[in-house]
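Chemist: Okay, so here is my_file.cif, and as you'll see once you scroll down, it has mmCIF, N, CA and C atoms.
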```cif
data_entry
loop_
_atom_site.group_PDB
_atom_site.id
_atom_site.type_symbol
_atom_site.label_atom_id
_atom_site.label_comp_id
_atom_site.auth_asym_id
_atom_site.auth_seq_id
_atom_site.Cartn_x
_atom_site.Cartn_y
_atom_site.Cartn_z
ATOM 1 N N MET A 9 0.843 -1.179 0.000
ATOM 2 C CA MET A 9 0.000 0.000 0.000
ATOM 3 C C MET A 9 0.888 1.241 0.000
ATOM 4 N N ALA A 10 0.611 2.196 -0.890
ATOM 5 C CA ALA A 10 1.393 3.432 -1.000
ATOM 6 C C ALA A 10 1.083 4.357 0.169
ATOM 7 N N PRO A 11 2.073 5.097 0.631
ATOM 8 C CA PRO A 11 1.823 6.026 1.738
ATOM 9 C C PRO A 11 0.877 7.139 1.291
ATOM 10 N N THR A 12 0.102 7.622 2.225
ATOM 11 C CA THR A 12 -0.802 8.732 1.912
ATOM 12 C C THR A 12 0.006 10.021 1.867
ATOM 13 N N LEU A 13 -0.573 11.057 1.301
ATOM 14 C CA LEU A 13 0.097 12.341 1.166
ATOM 15 C C LEU A 13 0.506 12.895 2.528
ATOM 16 N N ALA A 14 -0.341 12.716 3.536
ATOM 17 C CA ALA A 14 -0.047 13.243 4.867
ATOM 18 C C ALA A 14 1.144 12.549 5.500
ATOM 19 N N ALA A 15 1.469 11.331 5.075
ATOM 20 C CA ALA A 15 2.563 10.581 5.677
ATOM 21 C C ALA A 15 3.892 10.858 4.986
ATOM 22 N N VAL A 16 3.874 11.576 3.866
ATOM 23 C CA VAL A 16 5.086 11.853 3.109
ATOM 24 C C VAL A 16 5.664 13.194 3.545
ATOM 25 N N GLY A 17 6.977 13.262 3.696
ATOM 26 C CA GLY A 17 7.631 14.527 4.019
ATOM 27 C C GLY A 17 7.857 14.705 5.504
ATOM 28 N N ALA A 18 8.507 15.804 5.828
ATOM 29 C CA ALA A 18 8.882 16.064 7.217
ATOM 30 C C ALA A 18 7.831 16.874 7.964
ATOM 31 N N ALA A 19 6.956 17.540 7.245
ATOM 32 C CA ALA A 19 5.953 18.390 7.893
ATOM 33 C C ALA A 19 4.866 17.531 8.528
ATOM 34 N N PRO A 20 4.257 18.021 9.584
ATOM 35 C CA PRO A 20 3.144 17.286 10.201
ATOM 36 C C PRO A 20 1.987 17.126 9.226
ATOM 37 N N LYS A 21 1.009 16.353 9.655
ATOM 38 C CA LYS A 21 -0.171 16.166 8.818
ATOM 39 C C LYS A 21 -0.770 17.516 8.451
ATOM 40 N N ALA A 22 -1.628 17.518 7.462
ATOM 41 C CA ALA A 22 -2.209 18.762 6.945
ATOM 42 C C ALA A 22 -3.118 19.427 7.969
ATOM 43 N N ARG A 23 -2.528 19.946 9.004
ATOM 44 C CA ARG A 23 -3.261 20.703 10.001
ATOM 45 C C ARG A 23 -2.318 21.776 10.530
ATOM 46 N N CYS A 24 -2.877 22.767 11.138
ATOM 47 C CA CYS A 24 -2.052 23.826 11.711
ATOM 48 C C CYS A 24 -1.400 23.288 12.975
ATOM 49 N N TYR A 25 -0.083 23.271 13.019
ATOM 50 C CA TYR A 25 0.598 22.739 14.191
ATOM 51 C C TYR A 25 1.077 23.841 15.139
ATOM 52 N N THR A 26 0.626 25.079 14.895
ATOM 53 C CA THR A 26 0.979 26.172 15.807
ATOM 54 C C THR A 26 -0.257 26.729 16.511
ATOM 55 N N SER A 27 -1.344 26.003 16.477
ATOM 56 C CA SER A 27 -2.583 26.514 17.061
ATOM 57 C C SER A 27 -2.489 26.708 18.569
ATOM 58 N N ASP A 28 -1.555 26.022 19.215
ATOM 59 C CA ASP A 28 -1.410 26.169 20.662
ATOM 60 C C ASP A 28 -0.443 27.284 21.046
ATOM 61 N N MET A 29 0.033 28.055 20.073
ATOM 62 C CA MET A 29 0.958 29.140 20.380
ATOM 63 C C MET A 29 0.208 30.232 21.136
ATOM 64 N N PRO A 30 0.862 30.858 22.119
ATOM 65 C CA PRO A 30 0.184 31.846 22.954
ATOM 66 C C PRO A 30 0.099 33.225 22.319
ATOM 67 N N THR A 31 -0.229 33.296 21.054
ATOM 68 C CA THR A 31 -0.377 34.590 20.396
ATOM 69 C C THR A 31 -1.388 34.474 19.266
ATOM 70 N N ALA A 32 -2.094 35.554 19.055
ATOM 71 C CA ALA A 32 -2.998 35.628 17.911
ATOM 72 C C ALA A 32 -2.359 36.458 16.803
ATOM 73 N N ARG A 33 -1.148 36.935 17.046
ATOM 74 C CA ARG A 33 -0.443 37.794 16.097
ATOM 75 C C ARG A 33 0.139 36.947 14.964
ATOM 76 N N PRO A 34 0.336 37.566 13.804
ATOM 77 C CA PRO A 34 0.966 36.830 12.702
ATOM 78 C C PRO A 34 2.379 36.388 13.087
ATOM 79 N N ARG A 35 2.769 35.236 12.590
ATOM 80 C CA ARG A 35 4.109 34.713 12.849
ATOM 81 C C ARG A 35 4.851 34.671 11.518
ATOM 82 N N HIS A 36 6.162 34.791 11.563
ATOM 83 C CA HIS A 36 6.975 34.805 10.357
ATOM 84 C C HIS A 36 8.073 33.750 10.483
ATOM 85 N N THR A 37 8.285 33.032 9.411
ATOM 86 C CA THR A 37 9.302 31.993 9.384
ATOM 87 C C THR A 37 10.460 32.464 8.518
ATOM 88 N N ILE A 38 11.657 32.360 9.049
ATOM 89 C CA ILE A 38 12.852 32.728 8.298
ATOM 90 C C ILE A 38 13.782 31.523 8.306
ATOM 91 N N THR A 39 14.143 31.067 7.127
ATOM 92 C CA THR A 39 15.086 29.967 7.014
ATOM 93 C C THR A 39 16.495 30.513 7.158
ATOM 94 N N GLU A 40 17.299 29.870 7.967
ATOM 95 C CA GLU A 40 18.668 30.342 8.183
ATOM 96 C C GLU A 40 19.553 29.845 7.051
ATOM 97 N N THR A 41 19.460 30.575 5.950
ATOM 98 C CA THR A 41 20.327 30.305 4.801
ATOM 99 C C THR A 41 21.750 30.750 5.163
ATOM 100 N N PRO A 42 22.728 30.426 4.345
ATOM 101 C CA PRO A 42 24.087 30.899 4.635
ATOM 102 C C PRO A 42 24.158 32.428 4.766
ATOM 103 N N HIS A 43 23.413 33.127 3.937
ATOM 104 C CA HIS A 43 23.392 34.600 4.004
ATOM 105 C C HIS A 43 22.831 35.077 5.345
ATOM 106 N N ILE A 44 21.697 34.525 5.755
ATOM 107 C CA ILE A 44 21.080 34.898 7.040
ATOM 108 C C ILE A 44 21.982 34.491 8.196
ATOM 109 N N ALA A 45 22.610 33.316 8.100
ATOM 110 C CA ALA A 45 23.519 32.859 9.154
ATOM 111 C C ALA A 45 24.688 33.830 9.319
ATOM 112 N N ALA A 46 25.220 34.317 8.209
ATOM 113 C CA ALA A 46 26.337 35.273 8.275
ATOM 114 C C ALA A 46 25.898 36.576 8.939
ATOM 115 N N ILE A 47 24.699 37.033 8.617
ATOM 116 C CA ILE A 47 24.163 38.247 9.243
ATOM 117 C C ILE A 47 24.008 38.033 10.750
ATOM 118 N N LEU A 48 23.451 36.889 11.131
ATOM 119 C CA LEU A 48 23.277 36.587 12.553
ATOM 120 C C LEU A 48 24.628 36.444 13.258
ATOM 121 N N ASP A 49 25.608 35.877 12.582
ATOM 122 C CA ASP A 49 26.937 35.755 13.168
ATOM 123 C C ASP A 49 27.548 37.140 13.423
ATOM 124 N N ARG A 50 27.389 38.062 12.469
ATOM 125 C CA ARG A 50 27.892 39.426 12.663
ATOM 126 C C ARG A 50 27.143 40.112 13.801
ATOM 127 N N ALA A 51 25.831 39.880 13.888
ATOM 128 C CA ALA A 51 25.037 40.463 14.972
ATOM 129 C C ALA A 51 25.476 39.907 16.323
ATOM 130 N N ALA A 52 25.846 38.636 16.365
ATOM 131 C CA ALA A 52 26.299 38.017 17.614
ATOM 132 C C ALA A 52 27.604 38.633 18.098
ATOM 133 N N VAL A 53 28.430 39.116 17.176
ATOM 134 C CA VAL A 53 29.663 39.803 17.571
ATOM 135 C C VAL A 53 29.326 41.161 18.169
ATOM 136 N N LYS A 54 28.370 41.840 17.557
ATOM 137 C CA LYS A 54 27.961 43.164 18.045
ATOM 138 C C LYS A 54 27.242 43.064 19.390
ATOM 139 N N TRP A 55 26.388 42.050 19.541
ATOM 140 C CA TRP A 55 25.616 41.867 20.775
ATOM 141 C C TRP A 55 25.931 40.479 21.357
ATOM 142 N N PRO A 56 27.108 40.306 21.953
ATOM 143 C CA PRO A 56 27.518 38.980 22.428
ATOM 144 C C PRO A 56 26.590 38.407 23.496
ATOM 145 N N GLU A 57 25.896 39.250 24.228
ATOM 146 C CA GLU A 57 24.976 38.742 25.253
ATOM 147 C C GLU A 57 23.801 37.978 24.637
ATOM 148 N N LEU A 58 23.591 38.153 23.330
ATOM 149 C CA LEU A 58 22.511 37.452 22.624
ATOM 150 C C LEU A 58 23.041 36.374 21.675
ATOM 151 N N ALA A 59 24.332 36.107 21.724
ATOM 152 C CA ALA A 59 24.959 35.217 20.743
ATOM 153 C C ALA A 59 24.321 33.834 20.681
ATOM 154 N N ASP A 60 23.839 33.329 21.810
ATOM 155 C CA ASP A 60 23.241 31.994 21.810
ATOM 156 C C ASP A 60 21.720 32.040 21.669
ATOM 157 N N ARG A 61 21.187 33.213 21.336
ATOM 158 C CA ARG A 61 19.728 33.364 21.166
ATOM 159 C C ARG A 61 19.452 34.001 19.801
ATOM 160 N N ARG A 62 19.473 33.180 18.759
ATOM 161 C CA ARG A 62 19.371 33.666 17.386
ATOM 162 C C ARG A 62 18.070 34.434 17.137
ATOM 163 N N ALA A 63 16.963 33.986 17.722
ATOM 164 C CA ALA A 63 15.687 34.693 17.526
ATOM 165 C C ALA A 63 15.758 36.094 18.118
ATOM 166 N N ARG A 64 16.403 36.230 19.281
ATOM 167 C CA ARG A 64 16.559 37.561 19.890
ATOM 168 C C ARG A 64 17.455 38.447 19.024
ATOM 169 N N LEU A 65 18.461 37.848 18.393
ATOM 170 C CA LEU A 65 19.294 38.614 17.466
ATOM 171 C C LEU A 65 18.472 39.143 16.301
ATOM 172 N N LEU A 66 17.552 38.330 15.806
ATOM 173 C CA LEU A 66 16.668 38.795 14.732
ATOM 174 C C LEU A 66 15.842 39.998 15.184
ATOM 175 N N HIS A 67 15.312 39.930 16.392
ATOM 176 C CA HIS A 67 14.546 41.060 16.929
ATOM 177 C C HIS A 67 15.427 42.304 17.028
ATOM 178 N N LYS A 68 16.642 42.126 17.511
ATOM 179 C CA LYS A 68 17.570 43.245 17.661
ATOM 180 C C LYS A 68 17.896 43.843 16.298
ATOM 181 N N LEU A 69 18.123 42.985 15.311
ATOM 182 C CA LEU A 69 18.396 43.461 13.956
ATOM 183 C C LEU A 69 17.209 44.223 13.380
ATOM 184 N N LEU A 70 16.013 43.731 13.626
ATOM 185 C CA LEU A 70 14.822 44.442 13.146
ATOM 186 C C LEU A 70 14.677 45.796 13.824
ATOM 187 N N ASP A 71 14.950 45.860 15.130
ATOM 188 C CA ASP A 71 14.908 47.144 15.832
ATOM 189 C C ASP A 71 15.933 48.113 15.239
ATOM 190 N N GLN A 72 17.129 47.607 14.956
ATOM 191 C CA GLN A 72 18.191 48.442 14.375
ATOM 192 C C GLN A 72 17.789 48.924 12.985
ATOM 193 N N ALA A 73 17.232 48.032 12.181
ATOM 194 C CA ALA A 73 16.785 48.407 10.835
ATOM 195 C C ALA A 73 15.667 49.441 10.910
ATOM 196 N N ASP A 74 14.752 49.272 11.852
ATOM 197 C CA ASP A 74 13.653 50.225 12.005
ATOM 198 C C ASP A 74 14.183 51.603 12.389
ATOM 199 N N ALA A 75 15.132 51.653 13.308
ATOM 200 C CA ALA A 75 15.711 52.941 13.707
ATOM 201 C C ALA A 75 16.397 53.617 12.519
ATOM 202 N N THR A 76 17.087 52.828 11.708
ATOM 203 C CA THR A 76 17.738 53.367 10.519
ATOM 204 C C THR A 76 16.718 53.906 9.529
ATOM 205 N N LEU A 77 15.648 53.141 9.299
ATOM 206 C CA LEU A 77 14.606 53.584 8.372
ATOM 207 C C LEU A 77 13.928 54.859 8.858
ATOM 208 N N MET A 78 13.638 54.923 10.148
ATOM 209 C CA MET A 78 13.000 56.130 10.695
ATOM 210 C C MET A 78 13.908 57.340 10.537
ATOM 211 N N ALA A 79 15.196 57.174 10.799
ATOM 212 C CA ALA A 79 16.137 58.281 10.645
ATOM 213 C C ALA A 79 16.206 58.735 9.187
ATOM 214 N N GLU A 80 16.229 57.787 8.261
ATOM 215 C CA GLU A 80 16.249 58.127 6.835
ATOM 216 C C GLU A 80 14.980 58.874 6.432
ATOM 217 N N GLN A 81 13.829 58.402 6.912
ATOM 218 C CA GLN A 81 12.567 59.062 6.582
ATOM 219 C C GLN A 81 12.512 60.470 7.154
ATOM 220 N N GLU A 82 12.997 60.639 8.389
ATOM 221 C CA GLU A 82 13.016 61.971 8.994
ATOM 222 C C GLU A 82 13.936 62.905 8.218
ATOM 223 N N ALA A 83 15.088 62.403 7.768
ATOM 224 C CA ALA A 83 16.022 63.210 6.981
ATOM 225 C C ALA A 83 15.398 63.602 5.640
ATOM 226 N N GLU A 84 14.704 62.659 4.995
ATOM 227 C CA GLU A 84 14.042 62.957 3.725
ATOM 228 C C GLU A 84 12.951 64.006 3.915
ATOM 229 N N LEU A 85 12.183 63.894 4.991
ATOM 230 C CA LEU A 85 11.133 64.863 5.268
ATOM 231 C C LEU A 85 11.731 66.239 5.545
ATOM 232 N N ALA A 86 12.814 66.296 6.314
ATOM 233 C CA ALA A 86 13.477 67.571 6.590
ATOM 234 C C ALA A 86 13.997 68.203 5.297
ATOM 235 N N GLU A 87 14.551 67.370 4.422
ATOM 236 C CA GLU A 87 15.039 67.872 3.130
ATOM 237 C C GLU A 87 13.885 68.424 2.293
ATOM 238 N N TYR A 88 12.758 67.722 2.284
ATOM 239 C CA TYR A 88 11.587 68.171 1.541
ATOM 240 C C TYR A 88 11.081 69.511 2.101
ATOM 241 N N ARG A 89 10.999 69.598 3.431
ATOM 242 C CA ARG A 89 10.519 70.841 4.050
ATOM 243 C C ARG A 89 11.458 72.002 3.750
ATOM 244 N N ALA A 90 12.761 71.742 3.777
ATOM 245 C CA ALA A 90 13.731 72.788 3.456
ATOM 246 C C ALA A 90 13.561 73.255 2.013
ATOM 247 N N LEU A 91 13.306 72.335 1.106
ATOM 248 C CA LEU A 91 13.071 72.689 -0.291
ATOM 249 C C LEU A 91 11.829 73.554 -0.428
ATOM 250 N N VAL A 92 10.760 73.182 0.257
ATOM 251 C CA VAL A 92 9.538 73.978 0.212
ATOM 252 C C VAL A 92 9.807 75.382 0.738
ATOM 253 N N GLN A 93 10.555 75.481 1.837
ATOM 254 C CA GLN A 93 10.874 76.792 2.403
ATOM 255 C C GLN A 93 11.711 77.630 1.431
ATOM 256 N N ARG A 94 12.678 76.973 0.748
ATOM 257 C CA ARG A 94 13.503 77.713 -0.217
ATOM 258 C C ARG A 94 12.673 78.223 -1.389
ATOM 259 N N LEU A 95 11.672 77.435 -1.795
ATOM 260 C CA LEU A 95 10.859 77.824 -2.954
ATOM 261 C C LEU A 95 9.721 78.773 -2.598
ATOM 262 N N ALA A 96 9.359 78.814 -1.324
ATOM 263 C CA ALA A 96 8.237 79.665 -0.908
ATOM 264 C C ALA A 96 8.513 81.110 -1.302
ATOM 265 N N GLY A 97 7.564 81.690 -2.023
ATOM 266 C CA GLY A 97 7.671 83.082 -2.443
ATOM 267 C C GLY A 97 8.602 83.313 -3.613
ATOM 268 N N SER A 98 9.112 82.255 -4.228
ATOM 269 C CA SER A 98 10.085 82.420 -5.313
ATOM 270 C C SER A 98 9.443 82.573 -6.688
ATOM 271 N N MET A 99 8.122 82.527 -6.755
ATOM 272 C CA MET A 99 7.462 82.621 -8.055
ATOM 273 C C MET A 99 6.360 83.689 -8.033
ATOM 274 N N PRO A 100 6.727 84.931 -7.803
ATOM 275 C CA PRO A 100 5.698 85.964 -7.770
ATOM 276 C C PRO A 100 5.045 86.124 -9.145
ATOM 277 N N GLY A 101 3.770 86.413 -9.133
ATOM 278 C CA GLY A 101 3.038 86.634 -10.377
ATOM 279 C C GLY A 101 2.519 85.372 -11.029
ATOM 280 N N VAL A 102 2.851 84.194 -10.499
ATOM 281 C CA VAL A 102 2.361 82.945 -11.090
ATOM 282 C C VAL A 102 0.877 82.783 -10.806
ATOM 283 N N TRP A 103 0.466 83.108 -9.597
ATOM 284 C CA TRP A 103 -0.932 82.985 -9.206
ATOM 285 C C TRP A 103 -1.559 84.383 -9.155
ATOM 286 N N PRO A 104 -2.823 84.482 -9.587
ATOM 287 C CA PRO A 104 -3.480 85.797 -9.529
ATOM 288 C C PRO A 104 -3.713 86.234 -8.075
ATOM 289 N N GLU A 105 -3.890 87.520 -7.883
ATOM 290 C CA GLU A 105 -4.169 88.072 -6.555
ATOM 291 C C GLU A 105 -5.419 87.406 -5.981
ATOM 292 N N GLY A 106 -5.368 86.967 -4.739
ATOM 293 C CA GLY A 106 -6.521 86.356 -4.071
ATOM 294 C C GLY A 106 -6.753 84.898 -4.413
ATOM 295 N N ALA A 107 -5.804 84.242 -5.072
ATOM 296 C CA ALA A 107 -5.993 82.851 -5.483
ATOM 297 C C ALA A 107 -6.167 81.934 -4.285
ATOM 298 N N ILE A 108 -5.385 82.141 -3.232
ATOM 299 C CA ILE A 108 -5.472 81.254 -2.068
ATOM 300 C C ILE A 108 -6.821 81.391 -1.375
ATOM 301 N N GLU A 109 -7.318 82.602 -1.276
ATOM 302 C CA GLU A 109 -8.636 82.805 -0.658
ATOM 303 C C GLU A 109 -9.724 82.128 -1.489
ATOM 304 N N SER A 110 -9.584 82.194 -2.800
ATOM 305 C CA SER A 110 -10.555 81.541 -3.678
ATOM 306 C C SER A 110 -10.546 80.024 -3.453
ATOM 307 N N LEU A 111 -9.356 79.456 -3.309
ATOM 308 C CA LEU A 111 -9.275 78.019 -3.054
ATOM 309 C C LEU A 111 -9.892 77.671 -1.700
ATOM 310 N N HIS A 112 -9.635 78.491 -0.697
ATOM 311 C CA HIS A 112 -10.215 78.235 0.624
ATOM 312 C C HIS A 112 -11.735 78.282 0.588
ATOM 313 N N ASP A 113 -12.284 79.178 -0.218
ATOM 314 C CA ASP A 113 -13.739 79.307 -0.317
ATOM 315 C C ASP A 113 -14.388 78.061 -0.927
ATOM 316 N N GLU A 114 -13.624 77.300 -1.714
ATOM 317 C CA GLU A 114 -14.175 76.115 -2.361
ATOM 318 C C GLU A 114 -14.325 74.941 -1.402
ATOM 319 N N TRP A 115 -13.634 74.972 -0.273
ATOM 320 C CA TRP A 115 -13.668 73.855 0.660
ATOM 321 C C TRP A 115 -14.558 74.162 1.846
ATOM 322 N N PRO A 116 -15.472 73.239 2.171
ATOM 323 C CA PRO A 116 -16.317 73.476 3.337
ATOM 324 C C PRO A 116 -15.500 73.404 4.621
ATOM 325 N N GLU A 117 -15.944 74.072 5.632
ATOM 326 C CA GLU A 117 -15.257 74.068 6.937
ATOM 327 C C GLU A 117 -15.389 72.723 7.600
#
```
Could you write out this structure as structure tokens?
Modeler:
Amino acid sequence: MAPTLAAVGAAPKARCYTSDMPTARPRHTITETPHIAAILDRAAVKWPELADRRARLLHKLLDQADATLMAEQEAELAEYRALVQRLAGSMPGVWPEGAIESLHDEWPE
């Protein structure tokens, strides 16, 4: 008799095997490829207190990446605001007199 589909492979039978996890939040699976392993190894050098806790290193790396992204976004926003300030008032005569008031009148309070 041939094995059934559920008996083939390393994964459990076709059912959710994480239903007993104490969270309703989404979970993410990351395979530790050689590239990911190298990243985790570098992180373990930076944070040796977490060297034997690879999942905690992932959290630390995500926190570091988030801080970097936030700093980049804040810098981009500051650059945009500076550009707006530099351009403010630099195009006299482009808009007719009272144009801004006319636009305000078109929008309900």
Chemist: Mind pulling up the distance from atom C of Ala63 in chain A to atom N of Thr41 in chain A?
Modeler: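 If I compute the distance from atom N of Thr41 in chain A to atom C of Ala63 in chain A, I get 13.9 Å.
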Chemist: Can you check which residues of chain A DSSP gives as alpha helix (DSSP H) on the backbone and send them as an NGL selection string?
Modeler: :A and (42-54 or 62-95 or 107-114)
Chemist: Could you check the closest approach to Leu48 in chain A for each of A:Glu80, A:Leu69, A:Glu105, A:Gln93 and tell me which residue wins, using only C-alpha atoms?
Modeler: A:Leu69
Chemist: Just need the box for range 72-87 of chain A, edges along x, y and z, holding every atom the file lists for it with 5 Å tacked onto each side, so centre and edge lengths in Å to one decimal, as lines of an AutoDock Vina configuration file.
Modeler:
```
center_x = 14.7
center_y = 58.0
center_z = 8.6
size_x = 17.1
size_y = 30.8
size_z = 22.7
```
Chemist: Calculate how many Å separate CA of Thr37 in chain A from CA of Leu58 in chain A, rounding to one decimal.
Modeler: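 These atoms are spaced 19.5 Å apart.
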Chemist: Quick one: distance from atom C of Val92 in chain A to CA of His112 in chain A in Å, one decimal?
Modeler: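 These two atoms are separated by 20.2 Å.
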Chemist: Selection in question (the file shown): the PyMOL selection byres (((chain A and resi 47 and name CA) around 12) and name CA). Which residues does it include, as a PyMOL selection string?
Modeler: chain A and resi 40-46+48-54+59+62+65-66+68-70
Chemist: Generate the output file for the selected residues, N, CA and C atoms, as a PDB file, in the frame of the given file.
Modeler:
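Result file result_0.pdb:
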```
ATOM      1  N   GLU A  40      17.299  29.870   7.967  1.00  0.00           N
ATOM      2  CA  GLU A  40      18.668  30.342   8.183  1.00  0.00           C
ATOM      3  C   GLU A  40      19.553  29.845   7.051  1.00  0.00           C
ATOM      4  N   THR A  41      19.460  30.575   5.950  1.00  0.00           N
ATOM      5  CA  THR A  41      20.327  30.305   4.801  1.00  0.00           C
ATOM      6  C   THR A  41      21.750  30.750   5.163  1.00  0.00           C
ATOM      7  N   PRO A  42      22.728  30.426   4.345  1.00  0.00           N
ATOM      8  CA  PRO A  42      24.087  30.899   4.635  1.00  0.00           C
ATOM      9  C   PRO A  42      24.158  32.428   4.766  1.00  0.00           C
ATOM     10  N   HIS A  43      23.413  33.127   3.937  1.00  0.00           N
ATOM     11  CA  HIS A  43      23.392  34.600   4.004  1.00  0.00           C
ATOM     12  C   HIS A  43      22.831  35.077   5.345  1.00  0.00           C
ATOM     13  N   ILE A  44      21.697  34.525   5.755  1.00  0.00           N
ATOM     14  CA  ILE A  44      21.080  34.898   7.040  1.00  0.00           C
ATOM     15  C   ILE A  44      21.982  34.491   8.196  1.00  0.00           C
ATOM     16  N   ALA A  45      22.610  33.316   8.100  1.00  0.00           N
ATOM     17  CA  ALA A  45      23.519  32.859   9.154  1.00  0.00           C
ATOM     18  C   ALA A  45      24.688  33.830   9.319  1.00  0.00           C
ATOM     19  N   ALA A  46      25.220  34.317   8.209  1.00  0.00           N
ATOM     20  CA  ALA A  46      26.337  35.273   8.275  1.00  0.00           C
ATOM     21  C   ALA A  46      25.898  36.576   8.939  1.00  0.00           C
ATOM     22  N   LEU A  48      23.451  36.889  11.131  1.00  0.00           N
ATOM     23  CA  LEU A  48      23.277  36.587  12.553  1.00  0.00           C
ATOM     24  C   LEU A  48      24.628  36.444  13.258  1.00  0.00           C
ATOM     25  N   ASP A  49      25.608  35.877  12.582  1.00  0.00           N
ATOM     26  CA  ASP A  49      26.937  35.755  13.168  1.00  0.00           C
ATOM     27  C   ASP A  49      27.548  37.140  13.423  1.00  0.00           C
ATOM     28  N   ARG A  50      27.389  38.062  12.469  1.00  0.00           N
ATOM     29  CA  ARG A  50      27.892  39.426  12.663  1.00  0.00           C
ATOM     30  C   ARG A  50      27.143  40.112  13.801  1.00  0.00           C
ATOM     31  N   ALA A  51      25.831  39.880  13.888  1.00  0.00           N
ATOM     32  CA  ALA A  51      25.037  40.463  14.972  1.00  0.00           C
ATOM     33  C   ALA A  51      25.476  39.907  16.323  1.00  0.00           C
ATOM     34  N   ALA A  52      25.846  38.636  16.365  1.00  0.00           N
ATOM     35  CA  ALA A  52      26.299  38.017  17.614  1.00  0.00           C
ATOM     36  C   ALA A  52      27.604  38.633  18.098  1.00  0.00           C
ATOM     37  N   VAL A  53      28.430  39.116  17.176  1.00  0.00           N
ATOM     38  CA  VAL A  53      29.663  39.803  17.571  1.00  0.00           C
ATOM     39  C   VAL A  53      29.326  41.161  18.169  1.00  0.00           C
ATOM     40  N   LYS A  54      28.370  41.840  17.557  1.00  0.00           N
ATOM     41  CA  LYS A  54      27.961  43.164  18.045  1.00  0.00           C
ATOM     42  C   LYS A  54      27.242  43.064  19.390  1.00  0.00           C
ATOM     43  N   ALA A  59      24.332  36.107  21.724  1.00  0.00           N
ATOM     44  CA  ALA A  59      24.959  35.217  20.743  1.00  0.00           C
ATOM     45  C   ALA A  59      24.321  33.834  20.681  1.00  0.00           C
ATOM     46  N   ARG A  62      19.473  33.180  18.759  1.00  0.00           N
ATOM     47  CA  ARG A  62      19.371  33.666  17.386  1.00  0.00           C
ATOM     48  C   ARG A  62      18.070  34.434  17.137  1.00  0.00           C
ATOM     49  N   LEU A  65      18.461  37.848  18.393  1.00  0.00           N
ATOM     50  CA  LEU A  65      19.294  38.614  17.466  1.00  0.00           C
ATOM     51  C   LEU A  65      18.472  39.143  16.301  1.00  0.00           C
ATOM     52  N   LEU A  66      17.552  38.330  15.806  1.00  0.00           N
ATOM     53  CA  LEU A  66      16.668  38.795  14.732  1.00  0.00           C
ATOM     54  C   LEU A  66      15.842  39.998  15.184  1.00  0.00           C
ATOM     55  N   LYS A  68      16.642  42.126  17.511  1.00  0.00           N
ATOM     56  CA  LYS A  68      17.570  43.245  17.661  1.00  0.00           C
ATOM     57  C   LYS A  68      17.896  43.843  16.298  1.00  0.00           C
ATOM     58  N   LEU A  69      18.123  42.985  15.311  1.00  0.00           N
ATOM     59  CA  LEU A  69      18.396  43.461  13.956  1.00  0.00           C
ATOM     60  C   LEU A  69      17.209  44.223  13.380  1.00  0.00           C
ATOM     61  N   LEU A  70      16.013  43.731  13.626  1.00  0.00           N
ATOM     62  CA  LEU A  70      14.822  44.442  13.146  1.00  0.00           C
ATOM     63  C   LEU A  70      14.677  45.796  13.824  1.00  0.00           C
TER      64      LEU A  70
END
```
